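Worksheet for the structure shown next.
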Amino acid sequence: MREDMLTIGAFSKACRLSPKALRLYDELALLKPRRVDPDTGYRYYAVDQLERARLVAWLRRLGMPLVRIRQVCALPAADAARAIRAYWAQVEAETAVRRDLAAFLVDQLVAAPRKDTTMLELRYAAHSDRGRTRPANQDTAYAGTRLLAVADGYGPAGVPASSAAVEALRFLDTAELPAGDVLNLLEEAVQGATEAVRDATGDAEEDAGTTLTALLWTGSRLALVHIGDSRAYLLRDGALFRITDDHTVVQSLIDEGRLTPEEATTHPQRSLLLKCLSPTTPPDLRLRDAEPGDRYLLCSDGLSTVVPDARIRALLTTTPSPDTAVHALIDAANEAGGPDNVSCVVADVVEAAA
Ligand code: MG
């Protein structure tokens, strides 16, 4: 045996991959031995293969699937680094969805009774505007005693897509809300909305669809359903919090560190969606405690791409009623050029009238 060749046992010790794993990686062409003895079938590895074997071992420890490891190992170092970063961003995104689901279940199971017994309710307003340049309004906005929703349709069947999604949720406005069963009700509602959108888009399904961002009032809390790049904000004690993540290609590039938030604002494909309402992509679900004085805003990207958060906060802080807030926000979007349809729903959490 040549000096720089190692038996599978010695190679296994050096790279911390078991002989069984090495045999599997050989079969998968992930890490082929440099030489296989034609008589005995023994595998021999070269010392210079250790580096790759150790990378494989580390990537396994990271939980990367073997198919993906094979792709990463075939790349030059800089590209491999990018691929690992992208993989990890995906893992974190998926974990975040599961984390939110776990939090939702915990909240649902241990509903903390409100400290005071004041009954709360929503004051709300919704409005949708074509904007200054688009030929049609493909957005749909809705607000009722329990349901708040914004949907932004796209493609040739964008109008029926967004209205079908919201229409399919409207039963939530009057549905019985079984205590501790909000999650099942939302699941059912989202499934109904997904099917309604599919029926409404028909043959155009491939290049038409809709975002959906909705809040369901349970009497003391708000359940959030969100997919796409419409947004939900909370104004509490004068501070504005965005409570949704944009499901856009550009946002995923920011998460992977491949784009800065500043570059994203002028990216030519900044409105390209990563996810929309569809059977294969579950929406984000969250349950939020409501406080008297909270003001919620749902909006389509026609507002958030042209009106900065600071201006949104200022308008929400200075307008007395949801109705004046909604119109002030839409006016601000149109004054900024109104390049897209713009929809806003504003809801205040208030003490119920006796
Ligand atoms: Mg839009």
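Lettering and numbering for the structure tokens are positional, with chains as A, B, ... in the shown order, residues counted from 1 in each chain, and ligands counted from 1 in the shown order.
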
task = From a DSSP calculation on the backbone, collect every residue of range 27-268 of chain A in alpha helix (DSSP H) and output the set as number ranges by chain.
result = A: 27, 50-61, 66-73, 77-109, 158-169, 182-201, 249-255, 261-264

inquiry  = Within 6 Å of ligand 1 (counting only C-alpha atoms and all ligand atoms), which residues show up? I'd like them as number ranges by chain.
reply    = A: 152, 300-302, 340-341

If you take only C-alpha atoms and a cut-off of 10 Å, which residues of range 204-261 of chain A touch range 308-324 of chain A, and what are their nearest atom pairs and distances in Å to one decimal, in chain and number order, as CSV?
```
residue,atom,partner,partner_atom,distance
A:Tyr233,CA,A:Arg313,CA,9.4
A:Leu234,CA,A:Arg313,CA,9.5
A:Leu235,CA,A:Arg313,CA,7.4
A:Arg236,CA,A:Thr317,CA,9.7
A:Asp237,CA,A:Thr317,CA,9.5
A:Gly238,CA,A:Thr317,CA,6.7
A:Ala239,CA,A:Arg313,CA,7.4
A:Leu240,CA,A:Arg313,CA,5.9
A:Phe241,CA,A:Arg313,CA,9.2
A:Arg242,CA,A:Asp309,CA,8.9
```

remark   = In terms of only C-alpha atoms, the residue from A:Asp26, A:Met64, A:Val106, A:Pro19 at minimal distance from Arg85 in chain A is A:Met64

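Considering only C-alpha atoms, the residue among A:Leu277, A:Val91, A:Leu259, A:Leu105 positioned nearest to Gly209 in chain A is A:Leu277.
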
remark   = Using only C-alpha atoms, the shortest atom-to-atom distance to Gly228 in chain A among A:Gly202, A:Pro283, A:Pro339, A:Pro178 belongs to A:Pro283

Near-Tyr154 in chain A list (8 Å; only C-alpha atoms; drop same-chain fewer than 6 positions) as number ranges by chain = A: 138, 161, 207-210

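Interatomic distance, CA of Leu147 in chain A against CA of Leu222 in chain A: 9.5 Å.
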
query = Neighbours of Leu186 in chain A within 10 Å (only C-alpha atoms; same-chain residues fewer than 2 positions away dropped), as number ranges by chain?
reply = A: 169, 172, 181-184, 188-192, 216, 223-225, 285

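For Ala290 in chain A, the list of residues within 9 Å, based on only C-alpha atoms and with local chain neighbours fewer than 6 positions off taken out, reads Leu120, Gly219, Ser220, Arg221, Leu222 and Val349 of chain A.
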